[in-house]
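One structure is given here, and the rest of the page talks about it.
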Amino acid sequence: MSYIKKPVARHPSLRPNALGLTIRDYEGSMSTLCAGCGHDSITAAIVRALYELDVPPHMLAKLSGIGCSSKTPTYFVSGAHGFNSAHGRMPAIATGANAANRALLYIGVSGDGDSLSIGLGQMVHAMRRNLRMLYVIENNGVYGLTKGQFSASSDIGSKSKRGEANTQPPIDPVMLALDIGATYVARSFSGDKAQLVPILKGALRHNGFALVDVISPCVTFNDHEGSTKSYLYTRKHQLPIVQADFVPPAAEIRAEYAPGTVHEVRMHDGSTLQLHKVGPDYDPTDRRAAWSFLSERQRSGEIPTGLLYLDESGSDMHAAAKTVSRPLAQMPFEELCPGEAALRKLQDAYR
Amino acid sequence: MEPTNIKDPAYFHKVVDCQWACPAHTNVPEYIRLIAQGRYADAYLLNRQSNVFPGILGRTCDRPCEPACRRTRVDEKPVAICRLKRVAADLKGELGDRLPRAPAQKNGKRVACIGAGPASLAVANDLAPLGYDVTIFEKAAVAGGLMRSNIPAFRLPAAVLDEEIGMILAMGVTVRYGAPITSLKALLAEGYDAIFVGSGAPRGKNLEIPGRYDSDRIHIGIDWLGSVAFGHTTSIGERVLIIGVGNTAMDCCRTARRLGGKDIKVMARKPRGYFKASPWELEDAEEEQVEIVVDHEPIRFVIEDGKLKGMEFQRYQSREENGRLAQTPLDKVILPADDVILAIGQESSFPWIEDDLGIERDKWKAPVVDKTTFMCSRPGVFFGGDAAWGPLNIIWAVEHAHQAAISIHNHCQGVALTDRPKWGMNLASTKMGLHEWAYKNDYNPVGRQKMHHVDLTRRFKELSLEVELGFDAEQTAREVERCLNCDVETVFSEKRCIECDACVDVCPVLCLTIAPGGQEKELRGRLSAPSVNPGQALYASGALPQTGRVMLKDEDLCVHCGLCAERCPTAAWDMQKFDLLMPYAGKPTP
Ligand SMILES: Cc1cc2nc3c(=O)[nH]c(=O)nc-3n(C[C@H](O)[C@H](O)[C@H](O)COP(=O)(O)OP(=O)(O)OC[C@H]3O[C@@H](n4cnc5c(N)ncnc54)[C@H](O)[C@@H]3O)c2cc1C
Ligand SMILES: Cc1ncc(C[n+]2csc(CCOP(=O)(O)OP(=O)(O)O)c2C)c(N)n1
Ligand code: SF4
Ligand code: SF4
Ligand code: SF4
Ligand SMILES: [Mg+2]
């Protein structure tokens, strides 16, 4: 960690976004993570995505559990709402918050330990409900905060810093998400912002649960030879297959791709995601095909990355529960709680 | 683009914008840190090494360093580099035996200097400690040159001049006062081993327009200032026109204000933005209620009954066309005046250099002087200061003197003049701990401190009263914090980089980029932030180990906060203190 504050000096060509904010207005306090941690890079990508999407800081809610990764919401958008929950419990808090105030934009930041070990049950139910949120797993294959024990995402044979090999099979959040029915599923790498930023932007505009699993090397406990989540290993085995281009509403689509290599998906807010094939033949809108392609590639040791699956037609938790469109948080108390007489009437109806 | 050669001292020198812009390459950030630590004598001596006259320059320097200062690119105003120099000079205390001294044993070589201005004095400063016997011939009765005769005492008190000139004369330098050189041939005949011409540019330019010689109330600026300085002139009329808007004009108008002038106009041929005077000089003059009148060209003096009544001007309308000034004539106007002072420039003049000495002249009859060696075509005769290529300023005179002294030393020791000592550098890590550095890396957003001035009534009463009060302790404490420590350089070792992006992400001013290599021009187009200043270097690494991309740093806006190095897990970036090693006569760099 650094002792000094980030200098207020700015580059003169920083452009304000539609809200008059520059990218530096989306920063948070100085990171206290280890220098070189992949998580900090993801924070920088989130900052860029929020700035480019003109997100008003007060309309953003940042939620997390426990872990180095879960500390990062402090490092972006100081002006947003935030909740640091118990270990693995962020999805429940996010569900409650989203139920009460559907007007906010939700970002959950979690780790492989927080989401795949202690919080697995929580995460899959948020997926299943199609809770409208961006759910980032900063995946480093270890419990960083507690000094580098193997997590549920450690690969078989991956070596700890002390040289022991992991023997238990990993839980892959991407395969799990495809299986459970998540509607936006992506994998990326903290060292590849060109890929990550548009994925995050699409996820923030997605009408449902967006899982973004980001390989994020732990420089302190998991960046050695023998680790399968190091910078070098990830670079060697990453297989980008789908590049997403985010085109905001009413903006002109610039990139022209050869027919058959691109899927254009209209997002519910009018923006467009262009999913451009950069690797082998692949259809990011076919869940089954995606599942089998990915399991095959992963078995051969590759790490397919990109926006791997997208279904913008699903209905989110509010639609399924048929809640009112007005956020509950904005309703007067009398409307939210109509009183004892109304309760009795309701109960009578079930007698 | 090839990886940057950081072994060349010029690379990091250029990053230290102030030091690069300073003709004498004063180590500004280091002396500012010394002031911050209260080490005023050390700060003074460090200054003195390169600029010889810190107390004088801390009040009068043209300060090319300030417009160059990096701070102007991230904040509005530059660090008050010049006025901090004065702080060091004012508070240095006793220097005792820390000043250079002449050795008891002389080296047997005799050098004559013509004129006791800053150029000759600085030559003496460099040569006397090496054992040279230096004699300065000065036509006036005092030493200092234009610093004494033309820079008014309200800007530069005599005591400051006396002290710093005294330091040089105390090295056993001889000055012959009231000794104008009227024949170079005669001086050559005296058998000196070398002669340095530091006679300045003593002739004020004239304005040959009708009426010029019909009144004794039309003065040549530099002569008039000289006669005020030496007490021959003590008053002036109430309405004064100053022709020209350079440094001399600024001193003339402010001096006239003190001698009784009430309605003082500085007449400029061009509009603002095209003046030779620096913005701060204009500010100071206007603070003293001097009016600056633009777009007026003098066409004649108005003389009635043998008396000066005023001056007639052609007025112009100015505009910019394709970045150039275009002026259309308007009407003619007459402005009344009791006195007119011509401040339109100076030139050198060498009536005392004979034609048969083998000294080649240019088309203006000025001796041709070599830009590197400062020697003319006659071996052993050197030039510097305003005498070399016309009027410049004190700091240039000092730098000329350093170079001329190197040449004189070579000449006297039988070494080729072109065999000049090399520049060197030291680079040393400032890392003290995980996030601790041997310099204060915390950026302080405090604004430039404003110099306090003596109030107007007092300064108009006392001609020699210094106007600027100098920074007080609090102002100094704030101003030193504004320096960005540009000499603490970001140094990159590509072998260590794991391309984690931490440095790129943390940099507050988006200096850093990791990208596939390419040509510099094209690379500048794909940096983290647009390259807005092509004059600033792009620092490129070789291929990075993991991906073969390159690390790029646009030096332009770096605030030297060290965060890139703090956030780097492998210490691929380090903050290293750069020390430029400059050679002086008889003192080659290690
Ligand atoms: C009004 C005015 C204000 C200025 N203000 C500033 C300022 O604020 N800051 C700044 O940096 N610069 C300023 N300058 C410029 C600066 O003073 C000169 O550039 C500098 O003094 C030049 O130094 P020098 O040693 O070459 O010559 P000078 O200072 O001109 O010294 C030459 C000396 O040689 C003597 N001399 C000349 N001919 C002979 C001879 N034949 N024999 C013997 N002696 C001779 C002269 O009497 C004089 O003492 C100013 C100039 C003027 C005119
Ligand atoms: C209920 C509970 N159990 C255990 C812990 C100890 N603990 C803190 S962080 C952590 C693991 C964090 O791992 P991960 O989510 O991968 O985060 P990382 O630090 O790797 O980013 C554990 C087990 C805890 N804080 N609370
Ligand atoms: S321990 Fe690992 S995960 Fe935690 S901050 Fe350090 S590098 Fe990042
Ligand atoms: S020192 Fe490093 S982080 Fe700070 S401004 Fe310079 S390049 Fe950026
Ligand atoms: S922080 Fe260090 S290791 Fe990381 S990219 Fe920058 S220089 Fe390379
Ligand atoms: Mg982890």
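We name chains A, B, ... following the order of the structure tokens; residues begin at 1 in each chain, and ligands are numbered from 1 as shown.
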*Throw together the list of residues within 7 Å of ligand 4, counting only C-alpha atoms and all ligand atoms, and drop it here as a ChimeraX atom specification.*
/B:490,503,506-512,553,557-565
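For ligand 5, the protein and nucleic acid residues at most 6 Å away, judged by only C-alpha atoms and all ligand atoms, amount to A:Gly36, B:Cys497, B:Ile498, B:Glu499, B:Cys500, B:Asp501, B:Ala502, B:Cys503, B:Arg567, B:Cys568, B:Pro569, B:Thr570, B:Ala572, B:Trp573.
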*Taking only C-alpha atoms and all ligand atoms into account, which residues are within 9 Å of ligand 2, as an MDAnalysis selection string?*
chainID A and resid 39 65:71 86:88 110:119 137:153 216 218
Selected residues, N, CA and C atoms, written as a CSV table (one decimal), in the first residue's frame, please.
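Output file out28.csv follows:
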```csv
chain,number,residue,atom,x,y,z
A,39,HIS,N,-6.3,-7.6,-8.9
A,39,HIS,CA,-7.5,-7.0,-8.5
A,39,HIS,C,-7.5,-5.5,-8.8
A,65,GLY,N,-18.1,-9.2,-0.2
A,65,GLY,CA,-18.0,-10.1,0.9
A,65,GLY,C,-16.7,-9.8,1.7
A,66,ILE,N,-15.9,-10.9,1.8
A,66,ILE,CA,-14.6,-10.7,2.5
A,66,ILE,C,-13.5,-11.3,1.7
A,67,GLY,N,-12.4,-10.7,1.7
A,67,GLY,CA,-11.3,-11.1,0.8
A,67,GLY,C,-10.6,-9.9,0.3
A,68,CYS,N,-9.4,-10.1,-0.2
A,68,CYS,CA,-8.7,-8.9,-0.9
A,68,CYS,C,-9.6,-8.4,-2.0
A,69,SER,N,-10.2,-9.3,-2.8
A,69,SER,CA,-11.1,-8.8,-3.8
A,69,SER,C,-12.2,-8.0,-3.3
A,70,SER,N,-12.7,-8.5,-2.2
A,70,SER,CA,-13.9,-7.9,-1.6
A,70,SER,C,-13.6,-6.5,-1.0
A,71,LYS,N,-12.3,-6.2,-0.8
A,71,LYS,CA,-11.9,-4.9,-0.3
A,71,LYS,C,-12.0,-3.8,-1.4
A,86,ALA,N,-20.8,-10.1,5.3
A,86,ALA,CA,-20.0,-11.2,5.9
A,86,ALA,C,-19.5,-12.0,4.7
A,87,HIS,N,-18.5,-12.9,5.0
A,87,HIS,CA,-17.9,-13.7,4.0
A,87,HIS,C,-18.9,-14.6,3.3
A,88,GLY,N,-18.9,-14.4,1.9
A,88,GLY,CA,-19.8,-15.2,1.1
A,88,GLY,C,-21.3,-14.8,1.1
A,110,SER,N,-16.4,-10.0,-5.7
A,110,SER,CA,-16.2,-11.1,-4.9
A,110,SER,C,-14.9,-11.8,-5.3
A,111,GLY,N,-14.5,-12.8,-4.5
A,111,GLY,CA,-13.3,-13.6,-4.9
A,111,GLY,C,-13.7,-15.0,-5.1
A,112,ASP,N,-12.8,-15.8,-5.5
A,112,ASP,CA,-13.0,-17.2,-5.8
A,112,ASP,C,-13.3,-17.9,-4.4
A,113,GLY,N,-12.7,-17.5,-3.4
A,113,GLY,CA,-13.0,-18.0,-2.0
A,113,GLY,C,-14.4,-17.6,-1.6
A,114,ASP,N,-14.6,-16.3,-1.7
A,114,ASP,CA,-15.9,-15.7,-1.2
A,114,ASP,C,-17.1,-16.3,-2.0
A,115,SER,N,-16.9,-16.6,-3.3
A,115,SER,CA,-18.0,-17.0,-4.1
A,115,SER,C,-18.1,-18.5,-4.3
A,116,LEU,N,-17.0,-19.2,-4.4
A,116,LEU,CA,-17.0,-20.6,-4.8
A,116,LEU,C,-16.8,-21.5,-3.6
A,117,SER,N,-16.2,-21.0,-2.5
A,117,SER,CA,-16.1,-21.8,-1.3
A,117,SER,C,-17.3,-21.5,-0.4
A,118,ILE,N,-17.1,-20.5,0.5
A,118,ILE,CA,-18.1,-20.3,1.5
A,118,ILE,C,-19.4,-19.8,0.9
A,119,GLY,N,-19.4,-19.0,-0.2
A,119,GLY,CA,-20.6,-18.4,-0.7
A,119,GLY,C,-21.2,-19.0,-1.9
A,137,ILE,N,-16.2,-11.9,-10.2
A,137,ILE,CA,-15.3,-12.8,-9.4
A,137,ILE,C,-13.9,-12.5,-9.8
A,138,GLU,N,-13.1,-12.0,-8.8
A,138,GLU,CA,-11.7,-11.7,-9.0
A,138,GLU,C,-11.0,-13.0,-8.6
A,139,ASN,N,-10.7,-13.8,-9.7
A,139,ASN,CA,-10.3,-15.2,-9.5
A,139,ASN,C,-8.8,-15.4,-9.5
A,140,ASN,N,-8.3,-15.7,-8.3
A,140,ASN,CA,-6.8,-15.8,-8.2
A,140,ASN,C,-6.4,-17.2,-7.8
A,141,GLY,N,-7.4,-18.1,-7.6
A,141,GLY,CA,-7.1,-19.5,-7.2
A,141,GLY,C,-6.6,-19.7,-5.8
A,142,VAL,N,-6.6,-18.6,-5.0
A,142,VAL,CA,-6.2,-18.8,-3.6
A,142,VAL,C,-7.1,-17.9,-2.7
A,143,TYR,N,-7.0,-18.1,-1.4
A,143,TYR,CA,-7.5,-17.2,-0.4
A,143,TYR,C,-6.4,-16.2,-0.2
A,144,GLY,N,-6.4,-15.1,-0.9
A,144,GLY,CA,-5.3,-14.1,-0.8
A,144,GLY,C,-5.2,-13.5,0.6
A,145,LEU,N,-6.3,-13.1,1.1
A,145,LEU,CA,-6.4,-12.3,2.4
A,145,LEU,C,-5.9,-13.1,3.5
A,146,THR,N,-6.1,-14.5,3.5
A,146,THR,CA,-5.7,-15.3,4.6
A,146,THR,C,-4.4,-16.0,4.3
A,147,LYS,N,-3.6,-15.5,3.4
A,147,LYS,CA,-2.2,-15.9,3.1
A,147,LYS,C,-2.1,-17.1,2.2
A,148,GLY,N,-3.0,-17.2,1.2
A,148,GLY,CA,-2.7,-18.1,0.1
A,148,GLY,C,-3.1,-19.5,0.1
A,149,GLN,N,-4.1,-19.9,0.9
A,149,GLN,CA,-4.5,-21.3,0.9
A,149,GLN,C,-5.2,-21.6,-0.5
A,150,PHE,N,-5.2,-22.8,-0.9
A,150,PHE,CA,-6.0,-23.1,-2.2
A,150,PHE,C,-7.4,-22.8,-2.0
A,151,SER,N,-8.0,-22.3,-3.1
A,151,SER,CA,-9.5,-22.0,-3.0
A,151,SER,C,-10.2,-23.1,-3.9
A,152,ALA,N,-11.5,-22.9,-4.0
A,152,ALA,CA,-12.3,-23.9,-4.8
A,152,ALA,C,-12.1,-23.7,-6.3
A,153,SER,N,-11.3,-22.7,-6.7
A,153,SER,CA,-11.0,-22.6,-8.1
A,153,SER,C,-9.6,-23.0,-8.5
A,216,SER,N,-7.2,-13.1,-12.1
A,216,SER,CA,-6.6,-12.0,-11.5
A,216,SER,C,-5.5,-12.4,-10.6
A,218,CYS,N,-2.7,-13.3,-8.0
A,218,CYS,CA,-2.3,-12.9,-6.7
A,218,CYS,C,-0.7,-12.9,-6.8
```
*Do you know which residues are at most 9 Å from Pro180 (chain B) counting only C-alpha atoms, after dropping those on the same chain fewer than 3 positions away, and could you put them as a PyMOL selection string?*
chain B and resi 114-115+137-140+177
*Within 7 Å of Ile199 (chain A), counting only C-alpha atoms, which residues qualify if same-chain residues fewer than 4 places away don't, as a ChimeraX atom specification?*
/A:195,203,244,307
Filtering to C-alpha atoms, could you give me those residues as a PDB file, in the first residue's frame?
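File selection26.pdb, as written:
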```pdb
ATOM      1  CA  GLN A 195     -11.201  -7.259 -23.611  1.00  0.00           C
ATOM      2  CA  ALA A 203     -22.663  -6.483 -18.098  1.00  0.00           C
ATOM      3  CA  ALA A 244     -17.329  -7.664 -27.358  1.00  0.00           C
ATOM      4  CA  LEU A 307     -18.154 -12.728 -23.637  1.00  0.00           C
TER       5      LEU A 307
END
```
Within 10 Å of Cys18 (chain B) using only C-alpha atoms, minus same-chain residues under 3 positions, as a short mmCIF file (atom, residue, chain, number, x, y, z; two decimals) with N, CA, C and O atoms, in the first residue's frame:
```cif
data_model
loop_
_atom_site.label_atom_id
_atom_site.label_comp_id
_atom_site.auth_asym_id
_atom_site.auth_seq_id
_atom_site.Cartn_x
_atom_site.Cartn_y
_atom_site.Cartn_z
N HIS B 13 18.59 14.82 -18.07
CA HIS B 13 18.73 16.27 -17.90
C HIS B 13 17.52 16.99 -18.49
O HIS B 13 16.97 17.90 -17.89
N LYS B 14 17.08 16.53 -19.63
CA LYS B 14 15.96 17.19 -20.30
C LYS B 14 14.66 17.05 -19.50
O LYS B 14 13.77 17.89 -19.59
N VAL B 15 14.58 15.98 -18.73
CA VAL B 15 13.38 15.79 -17.91
C VAL B 15 13.31 16.85 -16.80
O VAL B 15 12.24 17.25 -16.37
N ALA B 21 16.45 24.28 -19.07
CA ALA B 21 16.22 25.62 -19.62
C ALA B 21 17.23 26.63 -19.10
O ALA B 21 17.45 27.67 -19.71
N CYS B 22 17.83 26.36 -17.96
CA CYS B 22 18.78 27.31 -17.37
C CYS B 22 20.05 27.32 -18.20
O CYS B 22 20.68 26.27 -18.38
N PRO B 23 20.47 28.46 -18.70
CA PRO B 23 21.70 28.49 -19.50
C PRO B 23 22.90 27.90 -18.75
O PRO B 23 23.76 27.28 -19.34
N HIS B 25 22.52 25.67 -16.28
CA HIS B 25 22.13 24.34 -15.80
C HIS B 25 22.15 24.23 -14.27
O HIS B 25 22.64 23.23 -13.72
N THR B 26 21.62 25.23 -13.62
CA THR B 26 21.55 25.21 -12.16
C THR B 26 20.70 24.03 -11.71
O THR B 26 19.64 23.75 -12.28
N ASN B 27 21.17 23.33 -10.68
CA ASN B 27 20.45 22.17 -10.16
C ASN B 27 19.32 22.64 -9.24
O ASN B 27 19.42 22.64 -8.03
N VAL B 28 18.24 23.04 -9.88
CA VAL B 28 17.13 23.68 -9.17
C VAL B 28 16.46 22.77 -8.13
O VAL B 28 16.35 23.13 -6.96
N PRO B 29 15.99 21.58 -8.53
CA PRO B 29 15.26 20.79 -7.53
C PRO B 29 16.09 20.46 -6.30
O PRO B 29 15.56 20.45 -5.19
N ARG B 63 15.03 34.36 -15.65
CA ARG B 63 14.43 33.08 -15.29
C ARG B 63 13.78 32.29 -16.44
O ARG B 63 12.59 32.04 -16.42
N PRO B 64 14.56 31.90 -17.42
CA PRO B 64 14.01 31.01 -18.45
C PRO B 64 13.53 29.70 -17.86
O PRO B 64 12.73 28.98 -18.47
N CYS B 65 14.00 29.38 -16.65
CA CYS B 65 13.58 28.14 -16.00
C CYS B 65 12.08 28.15 -15.67
O CYS B 65 11.43 27.11 -15.70
N GLU B 66 11.55 29.31 -15.33
CA GLU B 66 10.17 29.30 -14.84
C GLU B 66 9.12 28.98 -15.90
O GLU B 66 8.26 28.14 -15.66
N PRO B 67 9.17 29.62 -17.08
CA PRO B 67 8.20 29.20 -18.09
C PRO B 67 8.36 27.72 -18.45
O PRO B 67 7.41 27.08 -18.90
N ALA B 68 9.58 27.18 -18.27
CA ALA B 68 9.81 25.77 -18.63
C ALA B 68 9.31 24.83 -17.54
O ALA B 68 9.11 23.65 -17.79
N CYS B 69 9.13 25.34 -16.33
CA CYS B 69 8.83 24.49 -15.17
C CYS B 69 7.64 23.57 -15.43
O CYS B 69 6.59 23.98 -15.90
N ARG B 70 7.85 22.29 -15.12
CA ARG B 70 6.84 21.24 -15.27
C ARG B 70 5.52 21.60 -14.58
O ARG B 70 4.43 21.24 -15.03
N PRO B 78 4.31 28.34 -12.51
CA PRO B 78 5.56 27.64 -12.20
C PRO B 78 5.96 27.83 -10.74
O PRO B 78 5.47 28.74 -10.06
N VAL B 79 6.86 26.99 -10.30
CA VAL B 79 7.47 27.17 -8.99
C VAL B 79 8.24 28.50 -9.04
O VAL B 79 8.83 28.84 -10.05
N ILE B 81 11.00 29.63 -8.70
CA ILE B 81 12.39 29.17 -8.64
C ILE B 81 13.33 30.32 -8.30
O ILE B 81 14.19 30.22 -7.41
N CYS B 486 11.70 16.95 -10.25
CA CYS B 486 11.86 16.33 -11.57
C CYS B 486 13.19 15.62 -11.74
O CYS B 486 13.36 14.84 -12.68
N ASP B 487 14.13 15.89 -10.84
CA ASP B 487 15.40 15.19 -10.94
C ASP B 487 15.34 13.80 -10.32
O ASP B 487 16.27 13.02 -10.45
#
```
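Going from CA of Leu50 (chain A) over to CA of Phe76 (chain A), you cover 9.6 Å.
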*Where does DSSP see alpha helix (DSSP H) in region 29-272 of chain A, if you list the residues as a ChimeraX atom specification?*
/A:38-52,68-71,90-100,112,120-128,173-180,193-204,231-237
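The list of residues with at least one atom within 7 Å of Ala49 (chain A), based on only C-alpha atoms and without residues fewer than 5 positions apart in the same chain, reads Val197, Leu200 and Lys201 of chain A.
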*asked:* Neighbouring residues of Glu347 (chain B) were defined as those with any atom within 12 Å, considering only C-alpha atoms; residues of the same chain fewer than 6 positions away were excluded. Please report them as a ChimeraX atom specification.
replied: /B:199-206,222,364-366,386-392
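The interface of chain A with chain B at 7 Å, considering only C-alpha atoms, consists of Ser2, Tyr3, Ile4, Lys6, Pro7, Ala9, Arg10, His11, Ala35, Gly36, Gly38, Asp40, Ser41, Ala44, Gly191 and Leu232 of chain A.
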All heavy atoms of the current selection, written as a compact mmCIF listing (two decimals), in the first residue's frame:
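So selection_6.txt came out as:
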```txt
# COMPACT_ATOMS: atom_id res chain seq x y z
N SER A 2 0.31 2.34 -0.43
CA SER A 2 1.05 3.60 -0.47
C SER A 2 0.54 4.52 0.62
O SER A 2 -0.63 4.49 0.95
CB SER A 2 0.85 4.26 -1.82
OG SER A 2 1.35 3.42 -2.83
N TYR A 3 1.42 5.33 1.13
CA TYR A 3 1.01 6.28 2.16
C TYR A 3 0.42 7.56 1.58
O TYR A 3 -0.39 8.21 2.20
CB TYR A 3 2.21 6.66 3.03
CG TYR A 3 2.65 5.59 4.00
CD1 TYR A 3 3.94 5.60 4.50
CD2 TYR A 3 1.75 4.61 4.42
CE1 TYR A 3 4.36 4.62 5.41
CE2 TYR A 3 2.17 3.64 5.31
CZ TYR A 3 3.47 3.64 5.81
OH TYR A 3 3.87 2.68 6.69
N ILE A 4 0.91 7.96 0.41
CA ILE A 4 0.46 9.25 -0.10
C ILE A 4 -0.86 9.10 -0.84
O ILE A 4 -1.23 8.02 -1.30
CB ILE A 4 1.50 9.91 -1.05
CG1 ILE A 4 1.69 9.09 -2.32
CG2 ILE A 4 2.82 10.13 -0.32
CD1 ILE A 4 2.37 9.87 -3.43
N LYS A 6 -3.24 9.82 -4.06
CA LYS A 6 -2.95 9.98 -5.47
C LYS A 6 -2.98 11.48 -5.78
O LYS A 6 -3.95 12.16 -5.43
CB LYS A 6 -4.01 9.23 -6.27
CG LYS A 6 -3.70 9.08 -7.72
CD LYS A 6 -4.45 7.88 -8.27
CE LYS A 6 -4.52 7.94 -9.78
NZ LYS A 6 -5.07 6.74 -10.37
N PRO A 7 -1.94 12.02 -6.39
CA PRO A 7 -1.91 13.46 -6.67
C PRO A 7 -3.17 13.94 -7.39
O PRO A 7 -3.71 13.22 -8.24
CB PRO A 7 -0.68 13.62 -7.55
CG PRO A 7 0.22 12.51 -7.16
CD PRO A 7 -0.69 11.36 -6.82
N ALA A 9 -3.20 16.29 -9.42
CA ALA A 9 -2.81 16.76 -10.75
C ALA A 9 -3.45 15.86 -11.81
O ALA A 9 -3.50 14.65 -11.64
CB ALA A 9 -1.29 16.73 -10.89
N ARG A 10 -3.95 16.49 -12.86
CA ARG A 10 -4.64 15.73 -13.90
C ARG A 10 -4.06 16.01 -15.27
O ARG A 10 -3.54 17.09 -15.51
CB ARG A 10 -6.13 16.14 -13.95
CG ARG A 10 -6.88 15.68 -12.75
CD ARG A 10 -8.25 16.28 -12.70
NE ARG A 10 -8.94 15.71 -11.54
CZ ARG A 10 -10.23 15.46 -11.49
NH1 ARG A 10 -10.99 15.76 -12.51
NH2 ARG A 10 -10.76 14.92 -10.42
N HIS A 11 -4.23 15.06 -16.14
CA HIS A 11 -3.83 15.27 -17.53
C HIS A 11 -4.78 16.30 -18.15
O HIS A 11 -5.99 16.18 -17.99
CB HIS A 11 -3.89 13.95 -18.29
CG HIS A 11 -3.17 13.99 -19.60
ND1 HIS A 11 -3.70 14.60 -20.71
CD2 HIS A 11 -1.95 13.52 -19.95
CE1 HIS A 11 -2.83 14.49 -21.71
NE2 HIS A 11 -1.76 13.84 -21.27
N ALA A 35 1.17 -4.45 -4.10
CA ALA A 35 1.52 -3.85 -5.38
C ALA A 35 1.54 -4.93 -6.44
O ALA A 35 2.13 -5.98 -6.24
CB ALA A 35 2.89 -3.18 -5.29
N GLY A 36 0.85 -4.68 -7.55
CA GLY A 36 0.86 -5.63 -8.65
C GLY A 36 -0.27 -6.62 -8.64
O GLY A 36 -0.37 -7.49 -9.51
N GLY A 38 -3.64 -8.33 -9.37
CA GLY A 38 -4.56 -8.24 -10.50
C GLY A 38 -5.84 -7.50 -10.15
O GLY A 38 -6.44 -6.83 -11.00
N ASP A 40 -6.33 -4.84 -8.58
CA ASP A 40 -6.24 -3.39 -8.82
C ASP A 40 -6.49 -3.05 -10.28
O ASP A 40 -7.06 -2.02 -10.61
CB ASP A 40 -4.87 -2.84 -8.39
CG ASP A 40 -4.77 -2.65 -6.89
OD1 ASP A 40 -5.82 -2.48 -6.23
OD2 ASP A 40 -3.63 -2.66 -6.37
N SER A 41 -6.05 -3.93 -11.14
CA SER A 41 -6.26 -3.73 -12.57
C SER A 41 -7.74 -3.82 -12.91
O SER A 41 -8.24 -3.08 -13.76
CB SER A 41 -5.53 -4.81 -13.34
OG SER A 41 -4.47 -4.28 -14.02
N ALA A 44 -9.37 -0.70 -12.01
CA ALA A 44 -9.14 0.34 -13.03
C ALA A 44 -10.09 0.12 -14.21
O ALA A 44 -10.61 1.08 -14.79
CB ALA A 44 -7.70 0.32 -13.49
N GLY A 191 -5.14 -8.64 -16.93
CA GLY A 191 -4.09 -8.03 -17.76
C GLY A 191 -4.56 -7.72 -19.17
O GLY A 191 -3.73 -7.42 -20.03
N LEU A 232 2.03 -15.20 -16.13
CA LEU A 232 2.66 -15.86 -17.27
C LEU A 232 1.81 -17.03 -17.78
O LEU A 232 1.58 -17.16 -18.97
CB LEU A 232 4.06 -16.34 -16.87
CG LEU A 232 4.91 -16.86 -18.02
CD1 LEU A 232 5.09 -15.77 -19.09
CD2 LEU A 232 6.28 -17.34 -17.53
```
*Run DSSP on the backbone and give me the residues of region 95-296 of chain A it puts in strand (DSSP E), as an NGL selection string.*
:A and (105-111 or 133-139 or 142-143 or 149-150 or 184-189 or 209-215 or 238-247 or 262-266 or 272-277)
